[in-house]
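With mmCIF, C-alpha atoms inside, this is model_7.cif:
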```cif
data_query
loop_
_atom_site.label_atom_id
_atom_site.label_comp_id
_atom_site.auth_asym_id
_atom_site.auth_seq_id
_atom_site.Cartn_x
_atom_site.Cartn_y
_atom_site.Cartn_z
CA MET O 9 -90.38 -28.55 50.02
CA ASN O 10 -92.49 -25.63 51.18
CA ASP O 11 -90.23 -22.63 50.70
CA THR O 12 -92.44 -19.63 50.28
CA LEU O 13 -91.44 -16.02 50.43
CA LYS O 14 -93.70 -13.91 52.59
CA ILE O 15 -93.99 -10.15 52.08
CA ALA O 16 -96.59 -8.15 53.98
CA GLY O 17 -98.47 -11.36 54.77
CA LYS O 18 -98.69 -12.46 51.13
CA GLU O 19 -96.97 -15.68 50.09
CA PHE O 20 -94.96 -16.10 46.90
CA SER O 21 -93.63 -19.40 45.61
CA SER O 22 -91.45 -17.67 42.99
CA ARG O 23 -88.48 -15.63 44.17
CA LEU O 24 -87.97 -13.97 40.81
CA PHE O 25 -89.57 -10.54 40.35
CA ILE O 26 -89.88 -9.17 36.83
CA GLY O 27 -89.83 -5.63 35.48
CA THR O 28 -91.81 -4.67 32.38
CA GLY O 29 -89.63 -1.96 30.83
CA LYS O 30 -87.70 -2.04 27.55
CA TYR O 31 -89.46 -4.98 25.86
CA ALA O 32 -89.61 -4.89 22.07
CA SER O 33 -93.33 -5.66 22.15
CA ASN O 34 -96.12 -6.21 24.64
CA GLU O 35 -96.49 -9.77 23.37
CA ILE O 36 -92.84 -10.63 24.05
CA MET O 37 -93.14 -9.04 27.47
CA ALA O 38 -96.24 -11.07 28.37
CA ASN O 39 -94.63 -14.29 27.15
CA ALA O 40 -91.40 -13.61 29.04
CA ILE O 41 -93.34 -12.92 32.24
CA GLU O 42 -95.22 -16.18 31.77
CA ALA O 43 -91.99 -18.11 31.10
CA SER O 44 -90.34 -16.73 34.23
CA SER O 45 -93.07 -18.15 36.52
CA THR O 46 -92.87 -14.91 38.47
CA GLU O 47 -95.63 -13.79 40.79
CA MET O 48 -94.49 -10.16 41.20
CA VAL O 49 -94.38 -7.73 38.28
CA THR O 50 -93.30 -4.09 38.41
CA ILE O 51 -94.75 -1.23 36.39
CA ALA O 52 -94.20 2.52 36.15
CA LEU O 53 -96.36 5.64 35.81
CA ARG O 54 -95.95 8.22 33.09
CA ARG O 55 -97.88 10.99 31.43
CA VAL O 56 -100.28 9.85 28.73
CA ASP O 57 -98.80 10.50 25.31
CA ILE O 58 -101.42 12.92 24.01
CA ASP O 59 -100.61 12.05 20.40
CA ASN O 60 -100.82 8.29 20.98
CA PRO O 61 -103.13 8.05 23.95
CA ASN O 62 -104.33 4.47 23.89
CA ASP O 63 -101.19 2.34 23.95
CA ASP O 64 -102.18 0.19 26.93
CA MET O 65 -99.35 -2.26 27.64
CA LEU O 66 -101.03 -3.57 30.75
CA ALA O 67 -103.80 -5.22 28.79
CA ALA O 68 -101.24 -7.75 27.52
CA ILE O 69 -100.66 -9.10 31.04
CA ASP O 70 -102.99 -11.47 32.89
CA TRP O 71 -102.99 -9.63 36.22
CA LYS O 72 -104.88 -12.40 38.03
CA LYS O 73 -101.59 -14.31 38.13
CA TYR O 74 -99.30 -11.58 39.41
CA GLN O 75 -98.94 -9.12 42.23
CA MET O 76 -98.65 -5.74 40.54
CA LEU O 77 -95.87 -3.64 42.02
CA PRO O 78 -96.01 -0.03 40.77
CA ASN O 79 -92.81 1.96 41.13
CA THR O 80 -92.06 5.64 41.66
CA SER O 81 -89.37 5.77 38.99
CA GLY O 82 -88.64 9.28 37.82
CA ALA O 83 -89.06 10.74 41.30
CA ARG O 84 -86.15 12.99 42.25
CA ASP O 85 -87.12 13.62 45.85
CA ALA O 86 -89.48 12.39 48.56
CA ASP O 87 -92.33 14.70 47.56
CA GLU O 88 -92.33 13.51 43.95
CA ALA O 89 -92.15 9.89 45.09
CA VAL O 90 -95.09 10.27 47.47
CA ARG O 91 -97.10 11.96 44.71
CA LEU O 92 -96.34 9.12 42.28
CA ALA O 93 -97.17 6.49 44.91
CA ARG O 94 -100.54 8.07 45.56
CA LEU O 95 -101.26 8.31 41.83
CA ALA O 96 -100.30 4.66 41.44
CA ARG O 97 -102.70 3.73 44.20
CA ALA O 98 -105.47 5.78 42.60
CA ALA O 99 -104.79 4.10 39.25
CA THR O 100 -104.61 0.53 40.51
CA ASP O 101 -106.26 0.32 43.94
CA ILE O 102 -103.06 -1.45 44.97
CA GLU O 103 -101.15 -0.32 48.03
CA TRP O 104 -97.89 -2.01 47.12
CA ILE O 105 -95.23 0.44 46.00
CA LYS O 106 -91.63 0.02 44.92
CA LEU O 107 -90.20 3.27 46.19
CA GLU O 108 -87.49 4.73 43.96
CA VAL O 109 -85.95 8.15 44.50
CA THR O 110 -83.17 8.77 42.01
CA PRO O 111 -82.07 12.39 41.66
CA ASP O 112 -79.19 11.69 39.29
CA PRO O 113 -80.25 10.39 35.85
CA TYR O 114 -76.74 9.29 34.91
CA TYR O 115 -76.18 6.60 37.54
CA LEU O 116 -79.76 6.47 38.91
CA LEU O 117 -78.43 5.86 42.39
CA PRO O 118 -81.08 6.06 45.11
CA ASP O 119 -81.15 9.00 47.53
CA GLY O 120 -81.15 7.41 50.98
CA THR O 121 -82.38 10.37 53.01
CA GLU O 122 -85.24 11.17 50.63
CA THR O 123 -86.13 7.46 50.46
CA LEU O 124 -86.31 7.28 54.25
CA LYS O 125 -88.45 10.42 54.37
CA ALA O 126 -90.85 9.13 51.70
CA SER O 127 -91.01 5.70 53.36
CA GLU O 128 -92.12 7.25 56.65
CA ILE O 129 -94.94 9.14 54.91
CA LEU O 130 -96.06 6.18 52.80
CA VAL O 131 -95.99 3.62 55.62
CA LYS O 132 -98.15 5.96 57.73
CA ASP O 133 -100.46 6.36 54.73
CA GLY O 134 -101.06 2.60 54.60
CA PHE O 135 -98.77 1.64 51.73
CA ILE O 136 -96.83 -1.62 51.54
CA VAL O 137 -93.45 -0.07 50.83
CA LEU O 138 -90.51 -1.78 49.13
CA PRO O 139 -87.73 0.81 48.88
CA TYR O 140 -84.95 0.63 46.33
CA ILE O 141 -81.73 1.52 48.19
CA ASN O 142 -78.01 1.48 47.84
CA ALA O 143 -76.41 -1.50 49.57
CA ASP O 144 -76.42 0.31 52.90
CA ALA O 145 -77.10 -1.93 55.91
CA VAL O 146 -77.62 0.99 58.29
CA LEU O 147 -80.28 2.52 56.03
CA ALA O 148 -81.86 -0.91 55.51
CA LYS O 149 -82.25 -1.27 59.29
CA LYS O 150 -83.69 2.24 59.71
CA LEU O 151 -86.24 1.49 56.99
CA ALA O 152 -87.13 -1.85 58.57
CA ASP O 153 -87.69 -0.07 61.89
CA ILE O 154 -90.28 2.27 60.38
CA GLY O 155 -92.27 -0.62 58.94
CA ILE O 156 -91.39 -1.18 55.30
CA ALA O 157 -92.32 -4.60 53.88
CA ALA O 158 -89.04 -5.54 52.15
CA VAL O 159 -85.84 -3.81 51.21
CA MET O 160 -84.47 -3.73 47.66
CA PRO O 161 -80.73 -3.03 47.65
CA LEU O 162 -78.94 -2.66 44.33
CA ALA O 163 -76.34 -5.05 42.95
CA SER O 164 -75.00 -2.35 40.60
CA PRO O 165 -76.56 0.61 38.77
CA ILE O 166 -79.98 0.06 37.14
CA GLY O 167 -79.77 -1.49 33.70
CA SER O 168 -75.97 -1.77 33.85
CA ASN O 169 -75.81 -5.60 33.84
CA GLN O 170 -72.61 -5.37 35.93
CA GLY O 171 -73.72 -7.95 38.47
CA LEU O 172 -72.96 -8.07 42.19
CA LYS O 173 -70.62 -5.08 42.56
CA THR O 174 -71.96 -4.48 46.08
CA LYS O 175 -71.57 -8.08 47.20
CA ALA O 176 -69.80 -7.49 50.54
CA SER O 177 -72.36 -4.87 51.56
CA LEU O 178 -75.28 -7.03 50.44
CA GLU O 179 -73.97 -9.83 52.64
CA ILE O 180 -74.16 -7.51 55.66
CA ILE O 181 -77.70 -6.43 54.78
CA ILE O 182 -78.77 -10.07 54.41
CA ASP O 183 -77.01 -11.02 57.66
CA GLN O 184 -78.80 -8.30 59.64
CA ALA O 185 -82.16 -8.31 57.88
CA THR O 186 -85.40 -8.77 59.76
CA ILE O 187 -87.48 -8.31 56.60
CA PRO O 188 -87.08 -9.84 53.12
CA VAL O 189 -84.14 -8.64 51.02
CA VAL O 190 -84.79 -8.40 47.27
CA VAL O 191 -81.63 -7.76 45.26
CA ASP O 192 -82.61 -5.32 42.54
CA ALA O 193 -80.81 -3.59 39.69
CA GLY O 194 -77.71 -4.54 37.76
CA LEU O 195 -78.12 -8.32 37.71
CA GLY O 196 -77.18 -8.96 34.09
CA ARG O 197 -76.88 -12.73 33.81
CA PRO O 198 -78.56 -15.77 35.28
CA SER O 199 -75.34 -16.54 37.18
CA HIS O 200 -75.61 -13.16 38.94
CA ALA O 201 -79.13 -14.02 40.09
CA ALA O 202 -78.00 -17.46 41.24
CA GLU O 203 -75.14 -15.94 43.21
CA ALA O 204 -77.41 -13.40 44.91
CA MET O 205 -79.78 -16.18 45.92
CA GLU O 206 -76.89 -18.39 47.12
CA MET O 207 -75.85 -15.52 49.37
CA GLY O 208 -79.24 -15.70 51.04
CA ALA O 209 -81.19 -12.99 49.25
CA ASP O 210 -84.92 -13.66 49.55
CA ALA O 211 -85.62 -12.72 45.93
CA VAL O 212 -84.16 -10.95 42.91
CA LEU O 213 -85.72 -8.46 40.50
CA ILE O 214 -84.76 -8.62 36.84
CA ASN O 215 -85.79 -6.35 34.01
CA THR O 216 -83.12 -5.20 31.52
CA ALA O 217 -81.27 -8.52 31.42
CA ILE O 218 -84.39 -10.32 30.22
CA ALA O 219 -86.05 -7.56 28.19
CA THR O 220 -82.95 -6.78 26.13
CA ALA O 221 -81.70 -10.36 25.65
CA SER O 222 -81.72 -11.70 22.07
CA ASP O 223 -84.45 -14.12 23.16
CA PRO O 224 -86.24 -12.63 26.19
CA ILE O 225 -88.50 -15.65 26.67
CA ALA O 226 -85.58 -18.11 26.81
CA MET O 227 -83.72 -15.72 29.09
CA ALA O 228 -86.71 -15.50 31.42
CA LYS O 229 -86.61 -19.30 31.71
CA ALA O 230 -82.86 -19.18 32.40
CA PHE O 231 -83.34 -16.64 35.20
CA LYS O 232 -86.12 -18.75 36.67
CA LYS O 233 -83.79 -21.74 36.89
CA ALA O 234 -80.93 -19.60 38.19
CA ALA O 235 -83.00 -18.09 40.99
CA GLU O 236 -84.28 -21.53 41.95
CA ALA O 237 -80.81 -23.10 41.83
CA GLY O 238 -79.32 -20.31 43.91
CA ARG O 239 -82.07 -20.59 46.48
CA GLU O 240 -81.71 -24.37 46.71
CA GLY O 241 -77.95 -23.97 47.06
CA PHE O 242 -78.44 -21.52 49.91
CA LEU O 243 -80.90 -23.79 51.69
CA ALA O 244 -78.59 -26.77 51.20
CA GLY O 245 -75.85 -24.98 53.12
CA THR O 246 -73.03 -23.77 50.91
CA ALA O 247 -69.65 -25.41 51.57
CA THR O 248 -66.96 -23.16 53.04
CA THR O 249 -64.31 -21.46 50.92
CA LYS O 250 -60.66 -22.30 51.64
CA THR O 251 -57.40 -20.75 50.49
CA THR O 252 -55.62 -24.09 49.94
CA ALA O 253 -56.60 -27.36 48.30
CA GLU O 254 -58.39 -30.05 50.20
CA ALA O 255 -58.38 -33.33 48.29
CA SER O 256 -61.69 -34.77 47.34
CA SER O 257 -60.18 -38.24 46.83
CA PRO O 258 -58.55 -40.25 49.67
CA LEU O 259 -54.99 -39.28 50.61
CA THR O 260 -54.07 -42.94 51.29
CA GLY O 261 -53.49 -45.97 49.10
CA PHE O 262 -51.61 -44.18 46.36
CA LEU O 263 -50.07 -46.48 43.77
CA ARG O 264 -46.51 -45.60 44.67
CA ASP O 265 -43.84 -46.58 47.20
CA GLU O 266 -42.87 -43.88 49.70
CA MET Y 136 -111.15 30.50 23.92
CA ALA Y 137 -110.18 28.73 27.14
CA ILE Y 138 -106.84 27.25 28.05
CA LEU Y 139 -106.06 24.10 30.03
CA LYS Y 140 -102.51 23.01 30.78
CA ILE Y 141 -102.56 19.30 30.01
CA ASN Y 142 -99.45 17.24 30.74
CA GLY Y 143 -97.33 20.37 30.69
CA THR Y 144 -98.67 21.78 27.42
CA ASP Y 145 -101.22 24.58 26.97
CA LYS Y 146 -104.27 23.39 25.04
CA ASN Y 147 -106.86 25.76 23.63
CA PHE Y 148 -110.55 24.93 23.73
CA ASP Y 149 -113.31 26.84 21.93
CA ILE Y 150 -115.75 25.38 24.41
CA LEU Y 151 -114.41 23.91 27.63
CA PRO Y 152 -115.50 20.31 28.31
CA ALA Y 153 -117.94 20.21 31.22
CA ALA Y 154 -116.42 17.33 33.15
CA LEU Y 155 -113.21 15.33 33.11
CA THR Y 156 -115.00 12.49 31.33
CA ASP Y 157 -115.93 14.85 28.50
CA LEU Y 158 -112.34 16.06 28.21
CA LEU Y 159 -111.11 12.47 27.88
CA VAL Y 160 -113.73 11.70 25.22
CA GLN Y 161 -112.73 14.82 23.30
CA MET Y 162 -109.06 13.81 23.49
CA LYS Y 163 -109.92 10.20 22.50
CA ILE Y 164 -108.40 8.81 25.71
CA ASP Y 165 -109.85 5.64 27.21
CA ALA Y 166 -110.78 6.66 30.75
CA ALA Y 167 -110.37 3.11 32.01
CA THR Y 168 -106.61 3.23 31.59
CA VAL Y 169 -105.76 6.61 33.13
CA VAL Y 170 -105.58 8.40 36.42
CA ALA Y 171 -105.87 12.17 36.63
CA GLU Y 172 -104.57 14.95 38.78
CA ILE Y 173 -106.08 18.44 38.65
CA ASP Y 174 -104.13 21.26 40.27
CA GLY Y 175 -102.35 18.69 42.43
CA ARG Y 176 -105.53 16.85 43.51
CA ILE Y 177 -105.78 13.19 42.55
CA ILE Y 178 -109.09 12.41 40.88
CA LYS Y 179 -110.25 8.82 41.20
CA ARG Y 180 -111.68 7.21 38.10
CA SER Y 181 -115.08 6.89 39.76
CA ASP Y 182 -115.17 10.69 40.09
CA PHE Y 183 -114.22 11.51 36.48
CA ALA Y 184 -117.86 12.09 35.46
CA THR Y 185 -118.56 14.56 38.26
CA GLU Y 186 -115.22 16.38 38.22
CA LYS Y 187 -115.88 19.81 36.68
CA ILE Y 188 -113.33 21.35 34.34
CA CYS Y 189 -112.50 25.05 34.81
CA GLU Y 190 -110.37 27.41 32.77
CA GLY Y 191 -106.69 27.58 33.64
CA GLN Y 192 -106.53 24.25 35.41
CA LYS Y 193 -103.34 22.22 35.37
CA ILE Y 194 -104.33 18.70 34.43
CA GLU Y 195 -102.10 15.65 34.49
CA LEU Y 196 -103.26 12.50 32.72
CA ILE Y 197 -101.19 9.55 33.79
CA ARG Y 198 -101.12 5.91 32.92
CA LEU Y 199 -99.30 2.74 33.83
CA VAL Y 200 -96.44 1.83 31.54
CA GLY Y 201 -93.66 -0.74 31.48
CA GLY Y 202 -90.97 -0.21 34.09
CA GLY Y 203 -88.58 -1.99 36.37
#
```
Output the file's structure as structure tokens, nothing else.
Amino acid sequence: MNDTLKIAGKEFSSRLFIGTGKYASNEIMANAIEASSTEMVTIALRRVDIDNPNDDMLAAIDWKKYQMLPNTSGARDADEAVRLARLARAATDIEWIKLEVTPDPYYLLPDGTETLKASEILVKDGFIVLPYINADAVLAKKLADIGIAAVMPLASPIGSNQGLKTKASLEIIIDQATIPVVVDAGLGRPSHAAEAMEMGADAVLINTAIATASDPIAMAKAFKKAAEAGREGFLAGTATTKTTAEASSPLTGFLRDE
Amino acid sequence: MAILKINGTDKNFDILPAALTDLLVQMKIDAATVVAEIDGRIIKRSDFATEKICEGQKIELIRLVGGG
């Protein structure tokens, strides 16, 4: 079955995106990425640690196999996000950007108005923009209208592993979407990823749940299967939910006299 | 003595490095893995060798790290 995901004209056969934060070592990270069969890998930008300047985690990853997706994490407003996006482009020569604007460090919830503002600037500047947003269908549509490549609504707060707390709102986004929907943040277990994909999400992004598992490589494999199973379930046409029982076995020929 | 503000911290130099490349060498930073910003201007890696360093500049040295 040819079921590829297309974002900004590029085709992906894996619908699992992987983040590179929080791994215990670069080697574990690289092996987990490999085990996940992902084709899209996120990274961040930070100041060089002047006292330890040459810790280059990116060298551990074979970038020929993956689309690099730099993020603007740490940005508190549109200006900071645009600055980080431009630095990321200068550093990588890649125009893909996962746009994150999170003014509040406690819940890391995305600022919708600043995200919209930054998206307008970055789209005009030639970036392929994938904004991280709250599960807000109206904002998702506004962003799609200005030309972003995919929208990344959250399932629950970043790194919280709470799963699909925004499920009803995500369903509306998916229902109305004209661009790919990548459920990002808060998916803590393979079953969460499977459920998001069953709902019709185009992809899921996982970082904390894999990086902080006891065995990140095994967990990466589990998420790979979960994303695939959820996608196949969606494509197969999920059976409807009912409030009462509906027998699976025939309701005739019982071994009793009525 | 000349001062540069590098990644938010004042650094003193007896002799200022001539170009950004020289600054990176002096700080033992592999130029291939960083991107720089001087007084808000992004400096592409290909321009590191020709980018002159002047006293009082605010320099940001940034690199890619793990993130989600």
Kindly assemble as a Markdown table a list of the chain O residues that lie within 9 Å of chain Y, each paired with its nearest atom pair and their distance in Å to one decimal, using all atoms listed in the file, sorted first by chain and then by ascending residue number.
```
| residue | atom | partner | partner_atom | distance |
| --- | --- | --- | --- | --- |
| O:Ile26 | CA | Y:Gly203 | CA | 7.3 |
| O:Gly27 | CA | Y:Gly203 | CA | 4.0 |
| O:Thr28 | CA | Y:Gly201 | CA | 4.4 |
| O:Gly29 | CA | Y:Gly202 | CA | 3.9 |
| O:Lys30 | CA | Y:Gly201 | CA | 7.3 |
| O:Tyr31 | CA | Y:Gly201 | CA | 8.2 |
| O:Val49 | CA | Y:Gly203 | CA | 8.4 |
| O:Thr50 | CA | Y:Gly203 | CA | 5.6 |
| O:Ile51 | CA | Y:Gly202 | CA | 4.5 |
| O:Ala52 | CA | Y:Gly202 | CA | 4.7 |
| O:Leu53 | CA | Y:Leu199 | CA | 4.6 |
| O:Arg54 | CA | Y:Ile197 | CA | 5.5 |
| O:Arg55 | CA | Y:Ile197 | CA | 4.3 |
| O:Val56 | CA | Y:Ile197 | CA | 5.1 |
| O:Asp57 | CA | Y:Asn142 | CA | 8.7 |
| O:Ile58 | CA | Y:Met162 | CA | 7.7 |
| O:Asn60 | CA | Y:Ile164 | CA | 8.9 |
| O:Pro61 | CA | Y:Ile164 | CA | 5.6 |
| O:Asn62 | CA | Y:Ile164 | CA | 6.2 |
| O:Asp63 | CA | Y:Val200 | CA | 9.0 |
| O:Asp64 | CA | Y:Thr168 | CA | 7.1 |
| O:Met65 | CA | Y:Val200 | CA | 6.4 |
| O:Leu66 | CA | Y:Val200 | CA | 7.1 |
| O:Pro78 | CA | Y:Leu199 | CA | 8.2 |
| O:Asn79 | CA | Y:Gly203 | CA | 7.5 |
| O:Ser81 | CA | Y:Gly202 | CA | 7.9 |
| O:Arg91 | CA | Y:Gly175 | CA | 8.8 |
| O:Arg94 | CA | Y:Ile177 | CA | 7.9 |
| O:Leu95 | CA | Y:Ile177 | CA | 6.7 |
| O:Ala96 | CA | Y:Leu199 | CA | 7.9 |
| O:Ala98 | CA | Y:Lys179 | CA | 5.8 |
| O:Ala99 | CA | Y:Val170 | CA | 5.2 |
| O:Thr100 | CA | Y:Leu199 | CA | 8.8 |
| O:Ile166 | CA | Y:Gly203 | CA | 8.9 |
| O:Ala193 | CA | Y:Gly203 | CA | 8.6 |
| O:Leu213 | CA | Y:Gly203 | CA | 8.2 |
| O:Ile214 | CA | Y:Gly203 | CA | 7.7 |
| O:Asn215 | CA | Y:Gly203 | CA | 5.7 |
| O:Thr216 | CA | Y:Gly203 | CA | 8.0 |
```
Residues from the last selection, C-alpha atoms, saved as a tab-separated table (two decimals), keeping the file's coordinate frame:
```tsv
chain	number	residue	atom	x	y	z
O	26	ILE	CA	-89.88	-9.17	36.83
O	27	GLY	CA	-89.83	-5.63	35.48
O	28	THR	CA	-91.81	-4.67	32.38
O	29	GLY	CA	-89.63	-1.96	30.83
O	30	LYS	CA	-87.70	-2.04	27.55
O	31	TYR	CA	-89.46	-4.98	25.86
O	49	VAL	CA	-94.38	-7.73	38.28
O	50	THR	CA	-93.30	-4.09	38.41
O	51	ILE	CA	-94.75	-1.23	36.39
O	52	ALA	CA	-94.20	2.52	36.15
O	53	LEU	CA	-96.36	5.64	35.81
O	54	ARG	CA	-95.95	8.22	33.09
O	55	ARG	CA	-97.88	10.99	31.43
O	56	VAL	CA	-100.28	9.85	28.73
O	57	ASP	CA	-98.80	10.50	25.31
O	58	ILE	CA	-101.42	12.92	24.01
O	60	ASN	CA	-100.82	8.29	20.98
O	61	PRO	CA	-103.13	8.05	23.95
O	62	ASN	CA	-104.33	4.47	23.89
O	63	ASP	CA	-101.19	2.34	23.95
O	64	ASP	CA	-102.18	0.19	26.93
O	65	MET	CA	-99.35	-2.26	27.64
O	66	LEU	CA	-101.03	-3.57	30.75
O	78	PRO	CA	-96.01	-0.03	40.77
O	79	ASN	CA	-92.81	1.96	41.13
O	81	SER	CA	-89.37	5.77	38.99
O	91	ARG	CA	-97.10	11.96	44.71
O	94	ARG	CA	-100.54	8.07	45.56
O	95	LEU	CA	-101.26	8.31	41.83
O	96	ALA	CA	-100.30	4.66	41.44
O	98	ALA	CA	-105.47	5.78	42.60
O	99	ALA	CA	-104.79	4.10	39.25
O	100	THR	CA	-104.61	0.53	40.51
O	166	ILE	CA	-79.98	0.06	37.14
O	193	ALA	CA	-80.81	-3.59	39.69
O	213	LEU	CA	-85.72	-8.46	40.50
O	214	ILE	CA	-84.76	-8.62	36.84
O	215	ASN	CA	-85.79	-6.35	34.01
O	216	THR	CA	-83.12	-5.20	31.52
```
- Resolved residues for the PyMOL selection byres ((chain O and resi 119) around 10) as a PyMOL selection string: chain O and resi 84-86+108-112+116-118+120-124+140-142
- Residues in the PyMOL selection byres ((chain O and resi 240-255) around 8), expressed as an NGL selection string: :O and (205-208 or 236-239 or 256-259)
Okay, now the selection with C-alpha atoms, as a compact mmCIF listing (two decimals), keeping the file's coordinate frame?
```
# COMPACT_ATOMS: atom_id res chain seq x y z
CA MET O 205 -79.78 -16.18 45.92
CA GLU O 206 -76.89 -18.39 47.12
CA MET O 207 -75.85 -15.52 49.37
CA GLY O 208 -79.24 -15.70 51.04
CA GLU O 236 -84.28 -21.53 41.95
CA ALA O 237 -80.81 -23.10 41.83
CA GLY O 238 -79.32 -20.31 43.91
CA ARG O 239 -82.07 -20.59 46.48
CA SER O 256 -61.69 -34.77 47.34
CA SER O 257 -60.18 -38.24 46.83
CA PRO O 258 -58.55 -40.25 49.67
CA LEU O 259 -54.99 -39.28 50.61
```
- Using all atoms listed in the file, the best pick from O:Ile187, O:Thr260, O:Thr12, O:Asn169 as closest to Ala217 of chain O would be O:Asn169
- Query: Could you name the residues that touch Leu139 of chain Y at 8 Å or less, counting all atoms listed in the file, but leaving out those on the same chain fewer than 3 positions away, as a VMD selection string?
  - Reply: chain Y and resid 145 to 148 190 to 194
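Going from atom CA of Ala145 of chain O to atom CA of Tyr114 of chain O covers 23.8 Å.
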